[in-house]
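Below: model-v9.cif (mmCIF, C-alpha atoms)
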data_structure
#
loop_
_atom_site.label_atom_id
_atom_site.label_comp_id
_atom_site.auth_asym_id
_atom_site.auth_seq_id
_atom_site.Cartn_x
_atom_site.Cartn_y
_atom_site.Cartn_z
CA MET A 4 12.16 -18.17 8.84
CA LEU A 5 13.33 -17.65 5.28
CA GLN A 6 15.27 -14.43 4.72
CA LEU A 7 15.53 -13.19 1.13
CA THR A 8 18.21 -10.71 0.11
CA ASP A 9 17.74 -7.68 -2.10
CA GLY A 10 19.42 -9.66 -4.87
CA ASP A 11 16.90 -12.46 -4.41
CA VAL A 12 14.01 -10.01 -4.65
CA GLU A 13 15.50 -8.30 -7.71
CA LYS A 14 15.70 -11.65 -9.53
CA LEU A 15 12.39 -13.13 -8.39
CA ILE A 16 10.25 -10.05 -8.98
CA GLU A 17 11.01 -10.38 -12.69
CA THR A 18 8.92 -13.57 -12.65
CA VAL A 19 5.89 -11.76 -11.22
CA ASP A 20 3.40 -9.76 -13.31
CA VAL A 21 3.10 -6.99 -10.76
CA VAL A 22 0.49 -5.03 -12.73
CA ASP A 23 -1.74 -8.09 -12.83
CA VAL A 24 -1.21 -8.68 -9.10
CA VAL A 25 -2.28 -5.15 -8.15
CA ARG A 26 -5.32 -5.46 -10.42
CA GLU A 27 -6.33 -8.70 -8.66
CA VAL A 28 -5.82 -7.10 -5.25
CA PHE A 29 -8.09 -4.15 -6.07
CA LEU A 30 -10.86 -6.54 -7.11
CA ALA A 31 -10.32 -8.75 -4.05
CA HIS A 32 -10.52 -5.72 -1.77
CA ALA A 33 -13.79 -4.62 -3.39
CA ALA A 34 -15.18 -8.16 -3.02
CA ARG A 35 -14.25 -8.22 0.69
CA ARG A 36 -11.63 -10.92 0.20
CA ALA A 37 -9.10 -8.78 2.03
CA VAL A 38 -8.45 -7.16 5.38
CA LEU A 39 -6.85 -3.71 5.37
CA PRO A 40 -6.35 -2.35 8.91
CA GLU A 41 -5.35 1.22 9.64
CA GLU A 42 -1.66 2.06 9.46
CA SER A 43 0.38 2.59 12.59
CA CYS A 44 2.77 5.53 12.30
CA LEU A 45 5.61 6.61 14.57
CA ARG A 46 7.00 10.09 13.81
CA TRP A 47 9.98 11.93 15.27
CA THR A 48 12.56 14.61 14.51
CA ASN A 49 16.18 13.49 14.48
CA ASP A 50 19.19 15.34 15.88
CA HIS A 51 19.60 17.20 12.56
CA GLY A 52 16.06 18.57 12.65
CA GLU A 53 14.87 16.22 9.90
CA SER A 54 11.46 14.55 9.89
CA CYS A 55 11.56 10.78 10.35
CA ARG A 56 8.82 8.18 10.46
CA SER A 57 8.17 4.47 10.72
CA LEU A 58 5.02 2.97 9.18
CA ASN A 59 3.66 -0.47 10.01
CA MET A 60 1.09 -1.54 7.40
CA PRO A 61 -0.44 -5.01 7.82
CA GLY A 62 -2.79 -6.69 5.40
CA LEU A 63 -4.37 -9.98 4.33
CA VAL A 64 -5.65 -10.69 0.82
CA GLU A 65 -6.93 -13.65 -1.17
CA ILE A 66 -6.07 -13.73 -4.87
CA GLY A 67 -6.06 -16.66 -7.25
CA GLY A 68 -7.48 -18.95 -4.56
CA ARG A 69 -4.58 -18.27 -2.20
CA ARG A 70 -4.29 -16.07 0.85
CA PHE A 71 -1.29 -13.97 1.80
CA ALA A 72 -0.90 -12.23 5.14
CA GLY A 73 1.87 -10.01 6.38
CA THR A 74 3.02 -6.50 7.06
CA LYS A 75 5.28 -3.88 5.54
CA ILE A 76 7.44 -1.82 7.84
CA ILE A 77 8.78 1.18 5.95
CA ASN A 78 10.94 3.87 7.54
CA ALA A 79 12.02 7.21 6.11
CA SER A 80 14.12 10.25 6.87
CA LEU A 81 13.84 13.35 4.69
CA GLY A 82 17.59 13.90 5.03
CA ASN A 83 18.58 10.53 3.57
CA PRO A 84 18.94 11.61 -0.10
CA ASP A 85 21.58 14.14 0.94
CA ARG A 86 23.44 11.26 2.61
CA GLY A 87 23.39 9.23 -0.59
CA LEU A 88 20.68 6.96 0.83
CA ALA A 89 17.17 6.19 -0.33
CA ARG A 90 14.62 8.35 1.49
CA ALA A 91 12.68 5.25 2.57
CA ASP A 92 13.53 1.62 3.20
CA GLY A 93 12.17 -1.24 5.23
CA LEU A 94 11.01 -4.85 5.33
CA VAL A 95 8.11 -7.03 4.31
CA LEU A 96 7.24 -9.86 6.68
CA LEU A 97 4.94 -12.73 5.60
CA PHE A 98 2.98 -14.90 8.02
CA ASP A 99 1.94 -18.53 7.99
CA LEU A 100 -1.86 -18.64 7.74
CA THR A 101 -2.18 -21.64 10.09
CA THR A 102 0.27 -20.85 12.89
CA ALA A 103 0.53 -17.06 12.39
CA ARG A 104 4.31 -17.41 12.71
CA PRO A 105 6.56 -15.28 10.50
CA VAL A 106 7.75 -17.40 7.56
CA CYS A 107 9.56 -15.00 5.24
CA LEU A 108 11.40 -11.70 5.55
CA MET A 109 12.52 -9.62 2.56
CA PRO A 110 13.73 -6.07 1.87
CA ALA A 111 10.79 -3.80 1.06
CA ALA A 112 12.35 -1.23 -1.27
CA ARG A 113 11.99 -3.11 -4.57
CA VAL A 114 8.60 -4.54 -3.63
CA SER A 115 7.29 -1.10 -2.67
CA ALA A 116 8.69 0.66 -5.74
CA ALA A 117 7.40 -2.06 -8.08
CA ARG A 118 3.86 -2.09 -6.71
CA THR A 119 3.73 1.73 -6.61
CA ALA A 120 4.76 1.91 -10.26
CA ALA A 121 2.33 -0.87 -11.17
CA VAL A 122 -0.61 0.96 -9.56
CA SER A 123 0.34 4.17 -11.40
CA VAL A 124 0.73 2.42 -14.76
CA LEU A 125 -2.51 0.47 -14.36
CA ALA A 126 -4.43 3.60 -13.30
CA THR A 127 -3.00 5.53 -16.25
CA GLU A 128 -3.92 2.84 -18.74
CA LEU A 129 -7.47 2.80 -17.39
CA SER A 130 -7.76 6.60 -17.46
CA TRP A 131 -5.98 7.89 -20.55
CA ALA A 132 -7.90 9.16 -23.56
CA HIS A 133 -5.27 7.58 -25.81
CA PRO A 134 -1.93 5.84 -25.19
CA THR A 135 0.48 8.29 -23.63
CA ARG A 136 3.10 9.90 -25.88
CA SER A 137 4.63 12.33 -23.38
CA VAL A 138 5.26 11.98 -19.67
CA ALA A 139 6.65 14.41 -17.10
CA VAL A 140 8.30 12.99 -14.01
CA VAL A 141 9.32 15.29 -11.16
CA GLY A 142 11.92 13.63 -8.97
CA ALA A 143 14.55 11.22 -10.29
CA GLY A 144 14.95 8.72 -7.49
CA ALA A 145 14.01 5.05 -7.16
CA LEU A 146 10.29 5.68 -7.70
CA ALA A 147 10.91 7.61 -10.89
CA ASP A 148 13.19 4.82 -12.11
CA ALA A 149 10.55 2.16 -11.35
CA HIS A 150 7.76 4.12 -13.02
CA LEU A 151 9.67 4.90 -16.18
CA GLY A 152 11.14 1.41 -16.46
CA LEU A 153 7.67 -0.15 -16.35
CA ALA A 154 6.08 2.46 -18.61
CA LEU A 155 8.78 2.10 -21.25
CA ARG A 156 8.29 -1.67 -21.31
CA ARG A 157 4.51 -1.43 -21.67
CA TRP A 158 3.89 1.69 -23.77
CA PRO A 159 5.36 1.65 -27.29
CA SER A 160 3.53 4.94 -27.87
CA LEU A 161 5.86 6.83 -25.50
CA ARG A 162 8.08 9.29 -27.35
CA THR A 163 9.00 12.06 -24.90
CA VAL A 164 10.07 11.95 -21.25
CA ARG A 165 10.72 15.20 -19.41
CA LEU A 166 12.57 14.87 -16.11
CA HIS A 167 13.16 17.38 -13.36
CA ASP A 168 14.95 16.93 -10.05
CA ARG A 169 16.22 19.46 -7.54
CA VAL A 170 19.60 17.78 -8.10
CA PRO A 171 20.04 18.12 -11.88
CA GLU A 172 22.80 15.52 -12.01
CA ARG A 173 20.43 12.89 -10.65
CA ALA A 174 17.93 13.52 -13.43
CA ALA A 175 20.70 13.58 -16.03
CA LEU A 176 22.04 10.20 -14.91
CA LEU A 177 18.59 8.61 -15.05
CA ALA A 178 17.88 10.11 -18.47
CA GLU A 179 21.24 8.93 -19.82
CA ARG A 180 20.77 5.38 -18.54
CA LEU A 181 17.22 4.99 -19.83
CA GLY A 182 18.06 6.72 -23.10
CA THR A 183 20.76 4.15 -23.82
CA THR A 184 18.24 1.31 -23.80
CA HIS A 185 15.38 3.30 -25.37
CA PRO A 186 16.88 5.35 -28.22
CA GLU A 187 13.42 5.86 -29.75
CA VAL A 188 12.42 8.05 -26.78
CA ALA A 189 13.61 11.64 -26.29
CA PHE A 190 14.71 12.31 -22.71
CA ASP A 191 14.77 15.97 -21.71
CA VAL A 192 16.13 17.15 -18.36
CA THR A 193 14.40 20.43 -17.55
CA GLY A 194 15.57 23.29 -15.37
CA THR A 195 12.24 23.69 -13.58
CA ALA A 196 9.28 21.53 -12.65
CA GLU A 197 7.02 23.82 -14.67
CA GLU A 198 9.00 23.15 -17.85
CA ALA A 199 8.55 19.43 -17.30
CA VAL A 200 4.84 19.48 -16.43
CA ARG A 201 3.38 21.98 -18.92
CA GLY A 202 1.92 20.22 -21.96
CA ALA A 203 2.62 16.67 -20.73
CA GLU A 204 -0.11 14.08 -21.28
CA LEU A 205 0.91 12.26 -18.10
CA VAL A 206 2.35 13.92 -14.97
CA ILE A 207 3.98 11.86 -12.21
CA PRO A 208 5.34 13.74 -9.18
CA ALA A 209 7.64 11.34 -7.33
CA THR A 210 9.42 13.55 -4.81
CA THR A 211 9.90 13.83 -1.06
CA THR A 212 8.27 17.25 -0.69
CA THR A 213 5.61 18.04 1.88
CA THR A 214 4.79 21.41 0.28
CA GLY A 215 2.67 21.80 -2.84
CA TYR A 216 4.06 23.62 -5.89
CA ILE A 217 2.15 22.35 -8.98
CA PRO A 218 -0.81 24.65 -9.82
CA GLU A 219 -3.83 23.90 -11.99
CA GLU A 220 -2.58 26.15 -14.79
CA TRP A 221 0.36 23.82 -15.51
CA ILE A 222 -1.91 20.83 -16.22
CA ALA A 223 -2.85 20.31 -19.88
CA GLN A 224 -6.35 19.56 -21.07
CA GLY A 225 -6.86 15.80 -21.26
CA ALA A 226 -3.87 15.06 -19.02
CA VAL A 227 -3.67 12.34 -16.39
CA VAL A 228 -1.91 13.28 -13.13
CA VAL A 229 -0.83 10.45 -10.85
CA ASN A 230 -0.11 12.12 -7.51
CA VAL A 231 2.41 9.51 -6.36
CA SER A 232 4.13 11.52 -3.65
CA LEU A 233 0.78 12.97 -2.47
CA ASP A 234 1.81 16.53 -1.55
CA ASP A 235 3.16 18.04 -4.80
CA LEU A 236 -0.18 19.35 -6.08
CA LEU A 237 -1.81 22.57 -4.98
CA PRO A 238 -5.49 22.34 -3.96
CA ASP A 239 -6.72 23.96 -7.17
CA VAL A 240 -5.48 20.94 -9.17
CA PHE A 241 -8.05 18.84 -7.32
CA THR A 242 -10.85 21.42 -7.34
CA SER A 243 -10.47 22.04 -11.09
CA ALA A 244 -10.10 18.37 -12.10
CA ASP A 245 -12.87 16.76 -14.12
CA LYS A 246 -12.33 13.46 -12.31
CA VAL A 247 -10.57 12.65 -9.03
CA ILE A 248 -9.89 8.95 -8.41
CA VAL A 249 -8.40 7.34 -5.29
CA ASP A 250 -7.11 3.85 -4.57
CA ASP A 251 -8.88 3.42 -1.20
CA TRP A 252 -11.10 6.10 0.25
CA SER A 253 -10.88 4.88 3.87
CA LEU A 254 -7.11 5.44 3.89
CA VAL A 255 -7.52 8.97 2.52
CA ALA A 256 -10.31 9.81 4.98
CA ALA A 257 -8.26 8.59 7.95
CA ASP A 258 -5.16 10.57 6.99
CA THR A 259 -4.42 13.86 8.74
CA THR A 260 -1.19 14.91 7.02
CA ARG A 261 -1.50 14.55 3.22
CA LEU A 262 -3.27 17.15 1.10
CA LEU A 263 -6.39 15.25 0.02
CA GLY A 264 -7.04 14.04 3.58
CA ARG A 265 -6.67 17.58 4.88
CA MET A 266 -9.04 18.89 2.20
CA TYR A 267 -11.61 16.26 3.17
CA ARG A 268 -11.39 17.23 6.84
CA ALA A 269 -11.84 20.86 5.86
CA GLY A 270 -15.04 20.01 3.97
CA ASP A 271 -13.53 20.68 0.54
CA VAL A 272 -13.72 17.08 -0.70
CA LEU A 273 -16.67 14.69 -0.88
CA PRO A 274 -16.19 10.90 -0.67
CA PRO A 275 -16.83 8.65 -3.68
CA PRO A 276 -20.54 7.80 -4.24
CA ARG A 277 -20.61 4.45 -2.44
CA ALA A 278 -18.94 5.95 0.65
CA ARG A 279 -21.11 9.07 0.68
CA ALA A 280 -24.24 9.70 2.69
CA ALA A 281 -27.24 10.54 0.51
CA ASP A 282 -27.50 14.05 1.95
CA ALA A 283 -23.74 14.78 1.94
CA ALA A 284 -22.90 18.20 0.55
CA GLY A 285 -19.94 20.51 0.39
CA PRO A 286 -20.25 24.18 -0.56
CA HIS A 287 -17.16 24.22 -2.75
CA GLY A 288 -16.06 20.62 -2.52
CA VAL A 289 -14.67 18.43 -5.25
CA GLU A 290 -16.35 15.05 -5.53
CA VAL A 291 -14.13 11.97 -5.62
CA ALA A 292 -15.50 10.15 -8.65
CA ALA A 293 -14.49 6.61 -7.77
CA GLU A 294 -11.99 4.23 -6.26
CA LEU A 295 -9.70 2.38 -8.65
CA CYS A 296 -11.55 -0.89 -8.06
CA ASP A 297 -14.67 0.78 -9.50
CA ILE A 298 -12.76 1.71 -12.65
CA ILE A 299 -11.23 -1.78 -12.95
CA SER A 300 -14.61 -3.49 -12.55
CA GLY A 301 -16.29 -1.12 -15.01
CA THR A 302 -18.83 0.23 -12.50
CA ALA A 303 -17.44 3.77 -12.88
CA SER A 304 -15.88 5.68 -15.75
CA PRO A 305 -12.54 7.52 -15.45
CA ARG A 306 -13.52 10.24 -17.93
CA THR A 307 -16.42 11.56 -19.97
CA SER A 308 -14.38 13.21 -22.73
CA ALA A 309 -10.87 13.26 -24.16
CA THR A 310 -10.29 16.73 -22.71
CA ASP A 311 -11.05 15.76 -19.11
CA ARG A 312 -8.23 16.30 -16.65
CA VAL A 313 -8.01 13.22 -14.44
CA VAL A 314 -6.20 13.27 -11.07
CA ILE A 315 -5.37 9.93 -9.47
CA ASN A 316 -4.39 9.99 -5.79
CA PRO A 317 -2.88 6.58 -4.88
CA PHE A 318 -2.42 6.70 -1.11
CA GLY A 319 -0.78 3.26 -1.10
CA MET A 320 -2.27 -0.03 0.10
CA SER A 321 -0.24 -2.57 2.08
CA LEU A 322 -2.34 -5.30 0.46
CA HIS A 323 -0.33 -4.78 -2.72
CA ASP A 324 3.00 -5.16 -0.94
CA VAL A 325 1.84 -8.30 0.86
CA ALA A 326 0.48 -9.85 -2.35
CA VAL A 327 3.59 -9.07 -4.40
CA ALA A 328 5.82 -10.37 -1.60
CA GLY A 329 3.65 -13.48 -1.39
CA ARG A 330 4.12 -14.14 -5.09
CA ILE A 331 7.88 -13.63 -4.70
CA HIS A 332 7.93 -16.10 -1.81
CA THR A 333 5.96 -18.61 -3.88
CA ALA A 334 8.37 -18.16 -6.79
CA HIS A 335 11.33 -18.76 -4.47
CA LEU A 336 9.82 -21.97 -3.16
CA GLY A 337 9.16 -23.11 -6.72
CA THR A 338 5.90 -24.71 -5.66
CA THR A 339 2.24 -23.80 -5.95
CA PRO A 340 0.40 -23.87 -2.64
CA SER A 341 -2.88 -25.77 -2.59
CA PRO A 342 -5.96 -23.66 -3.39
CA LEU A 343 -7.90 -22.58 -0.35
CA ALA A 344 -11.24 -23.69 -1.79
CA GLY A 345 -13.28 -20.77 -0.57
CA ALA A 346 -11.51 -20.19 2.74
CA ALA A 347 -13.02 -17.18 4.45
CA VAL A 348 -11.21 -13.90 4.96
CA THR A 349 -12.02 -12.68 8.46
#
When written as structure tokens, how does the structure in this file appear?
Amino acid sequence: MLQLTDGDVEKLIETVDVVDVVREVFLAHAARRAVLPEESCLRWTNDHGESCRSLNMPGLVEIGGRRFAGTKIINASLGNPDRGLARADGLVLLFDLTTARPVCLMPAARVSAARTAAVSVLATELSWAHPTRSVAVVGAGALADAHLGLALRRWPSLRTVRLHDRVPERAALLAERLGTTHPEVAFDVTGTAEEAVRGAELVIPATTTTTGYIPEEWIAQGAVVVNVSLDDLLPDVFTSADKVIVDDWSLVAADTTRLLGRMYRAGDVLPPPRARAADAAGPHGVEVAAELCDIISGTASPRTSATDRVVINPFGMSLHDVAVAGRIHTAHLGTTPSPLAGAAVT
């Protein structure tokens, strides 16, 4: 079994168009050229009273005439940032499609951060009323770094970045580093999350919180909110949004811990149209407008006017991790596997 190091992944992922990969995966999933099982989650409390968990997220997807199968195992402890460690880390394991044997193992952190940022950037580009000029990022860890790095490379329109982190020094270091390579962009480290979010055209919460703190009144007209860390928004952000978009409704509906899943179970959220029964109704519920694959394929619209507030809730699909890891593995081998010529995904 091939074992790639973090250095290998860092080098090879630069050869992969991750945004294009996640776009292909969304379309493959919609076309039933993918298998996305439910996650398996182990949770516990450590000896310091901190929440810990281990997620096992398998998937199989066919893109570009090739199939990739594998799983991402990602573990996290909420106390890790205070130890100088990333909150979450893990592994991606790829399988041989003929023998089912593991063929490649690689660290998951860069793969996961890159595909998360790529989904956010793609969803934003599909949903904005005009190219983003100002972005607010709450949290200044690896996810914030990945999001801003990708956005700065793709969006020449970007002129203002407001950063907030509960550890101000962390935000200041990220702002200083990015500002050195992007002098045309103003980086502002704010004292509060509210100062960062108010007036921003794009809001990206990328924290470790499990308690909401961003209310509807902070969100500007016409803004896009990409709810990366899933629990930063208060319910009224969803109920007041003009459009709510998810990556995969089945993952949201099956979830019992994150805000949107809890709202659905409480009857406050309706599924997207193609997952909704004809007679479904909710007395005060917000309707999920679409899944991202519907926006990508053009079968649904992300907004009806420039003043719409659009909330994107990307739960996270292991298919993206497996596909990106598969492309990294292919790049390492330096060969192109033979097309599968219509091989079935079962």
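Across A:Leu177, A:Leu39, A:Ile207, A:Ala189, the tightest approach to Leu161 in chain A is made by A:Ala189 when counting all atoms listed in the file.
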So that I can see what lies close to range 182-187 of chain A, please list as a PDB file with C-alpha atoms, in the coordinates of the input the residues with an atom at most 10 Å from it, counting only C-alpha atoms and leaving out residues fewer than 2 positions away in the same chain.
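Output below, filename part_32.pdb:
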ATOM      1  CA  LEU A 155       8.780   2.100 -21.250  1.00  0.00           C
ATOM      2  CA  ARG A 156       8.290  -1.670 -21.310  1.00  0.00           C
ATOM      3  CA  PRO A 159       5.360   1.650 -27.290  1.00  0.00           C
ATOM      4  CA  LEU A 161       5.860   6.830 -25.500  1.00  0.00           C
ATOM      5  CA  ARG A 162       8.080   9.290 -27.350  1.00  0.00           C
ATOM      6  CA  THR A 163       9.000  12.060 -24.900  1.00  0.00           C
ATOM      7  CA  VAL A 164      10.070  11.950 -21.250  1.00  0.00           C
ATOM      8  CA  LEU A 176      22.040  10.200 -14.910  1.00  0.00           C
ATOM      9  CA  LEU A 177      18.590   8.610 -15.050  1.00  0.00           C
ATOM     10  CA  ALA A 178      17.880  10.110 -18.470  1.00  0.00           C
ATOM     11  CA  GLU A 179      21.240   8.930 -19.820  1.00  0.00           C
ATOM     12  CA  ARG A 180      20.770   5.380 -18.540  1.00  0.00           C
ATOM     13  CA  ALA A 189      13.610  11.640 -26.290  1.00  0.00           C
ATOM     14  CA  PHE A 190      14.710  12.310 -22.710  1.00  0.00           C
ATOM     15  CA  ASP A 191      14.770  15.970 -21.710  1.00  0.00           C
TER      16      ASP A 191
END
| task | Would you work out the distance separating CA of Asp92 in chain A from CA of Ile66 in chain A, expressed in Å to one decimal? | result | 26.2 Å
Would you mind listing, for every residue of range 164-283 of chain A within 10 Å of range 116-137 of chain A, the two atoms forming the shortest contact and the distance between them in Å to one decimal, using only C-alpha atoms, sorted by chain and ascending residue number, as a Markdown table?
| residue | atom | partner | partner_atom | distance |
| --- | --- | --- | --- | --- |
| A:Val164 | CA | A:Ser137 | CA | 5.9 |
| A:Arg165 | CA | A:Ser137 | CA | 7.8 |
| A:Val188 | CA | A:Ser137 | CA | 9.5 |
| A:Ala189 | CA | A:Ser137 | CA | 9.5 |
| A:Val200 | CA | A:Ser137 | CA | 10.0 |
| A:Gly202 | CA | A:Ser137 | CA | 8.5 |
| A:Ala203 | CA | A:Ser137 | CA | 5.5 |
| A:Glu204 | CA | A:Ser137 | CA | 5.5 |
| A:Leu205 | CA | A:Ser137 | CA | 6.5 |
| A:Val206 | CA | A:Ser137 | CA | 8.9 |
| A:Ile207 | CA | A:Ser123 | CA | 8.5 |
| A:Gly225 | CA | A:Ala132 | CA | 7.1 |
| A:Ala226 | CA | A:Trp131 | CA | 7.6 |
| A:Val227 | CA | A:Trp131 | CA | 6.5 |
| A:Val228 | CA | A:Thr127 | CA | 8.4 |
| A:Val229 | CA | A:Ser123 | CA | 6.4 |
| A:Asn230 | CA | A:Ser123 | CA | 8.9 |
| A:Val231 | CA | A:Ser123 | CA | 7.6 |
| A:Lys246 | CA | A:Ser130 | CA | 9.7 |
| A:Ile248 | CA | A:Ala126 | CA | 9.1 |
| A:Val249 | CA | A:Ala126 | CA | 9.7 |
| A:Asp250 | CA | A:Val122 | CA | 8.7 |
| task | Using the chain letters and residue numbers of this document, give as a PyMOL selection string the residues selected by the PyMOL selection byres ((chain A and resi 142) around 12). | result | chain A and resi 84+139-141+143-151+165-175+177-178+192-193+195-196+199-200+206-212+231-232+235
| said: Evaluated on this file, the PyMOL selection byres ((chain A and resi 320) around 12) picks out some residues - which ones are they, written as number ranges by chain? | reply: A: 25, 28-29, 32, 37-42, 59-64, 74-75, 115, 118-119, 122, 249-255, 295, 316-319, 321-327
| said: Applying the PyMOL selection byres ((chain A and resi 310) around 6) to the file I just gave you, which residues come out? Please list them as a PyMOL selection string. | reply: chain A and resi 224-225+308-309+311
Write the residues you've just listed into a file as a PDB file, in the frame of the given file, and include C-alpha atoms for each of them.
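Done, and the output landed in part_29.pdb:
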ATOM      1  CA  GLN A 224      -6.350  19.560 -21.070  1.00  0.00           C
ATOM      2  CA  GLY A 225      -6.860  15.800 -21.260  1.00  0.00           C
ATOM      3  CA  SER A 308     -14.380  13.210 -22.730  1.00  0.00           C
ATOM      4  CA  ALA A 309     -10.870  13.260 -24.160  1.00  0.00           C
ATOM      5  CA  ASP A 311     -11.050  15.760 -19.110  1.00  0.00           C
TER       6      ASP A 311
END
| query | In Å to one decimal, how far is CA of Asp258 in chain A from CA of Gly301 in chain A? | reply |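 Computing the Euclidean distance for CA of Gly301 in chain A and CA of Asp258 in chain A yields 27.3 Å.
CA of Leu273 in chain A is positioned 20.8 Å from CA of Pro218 in chain A.
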| query | Within 12 Å of (19.3, 14.5, 2.3), only C-alpha atoms: residues as a ChimeraX atom specification? | reply | /A:51-55,79-91,169-170,211-212
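The shortest atom-to-atom distance to Glu220 in chain A, with only C-alpha atoms taken into account, belongs to A:Val240 out of A:Ile315, A:Ala31, A:Leu15, A:Val240.
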| What would the list of residues within 7 Å of (-16.1, 8.6, -2.6) (file frame) look like as a list in words, if only C-alpha atoms are what count? |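 Taken together, the residues in range are Trp252, Leu273, Pro274, Pro275, Pro276, Arg277, Ala278, Arg279, Val291, Ala292 and Ala293 of chain A.
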| Which of A:Asn78, A:Ile222, A:Glu17, A:Ala334 sits closest to Cys44 in chain A [using only C-alpha atoms] | A:Asn78
Let me have the centre and edge lengths of the axis-aligned box enclosing all listed atoms of range 75-85 of chain A with 3 Å padding on every side, in Å to one decimal, as lines of an AutoDock Vina configuration file.
center_x = 13.4
center_y = 5.1
center_z = 3.9
size_x = 22.3
size_y = 24.0
size_z = 13.9
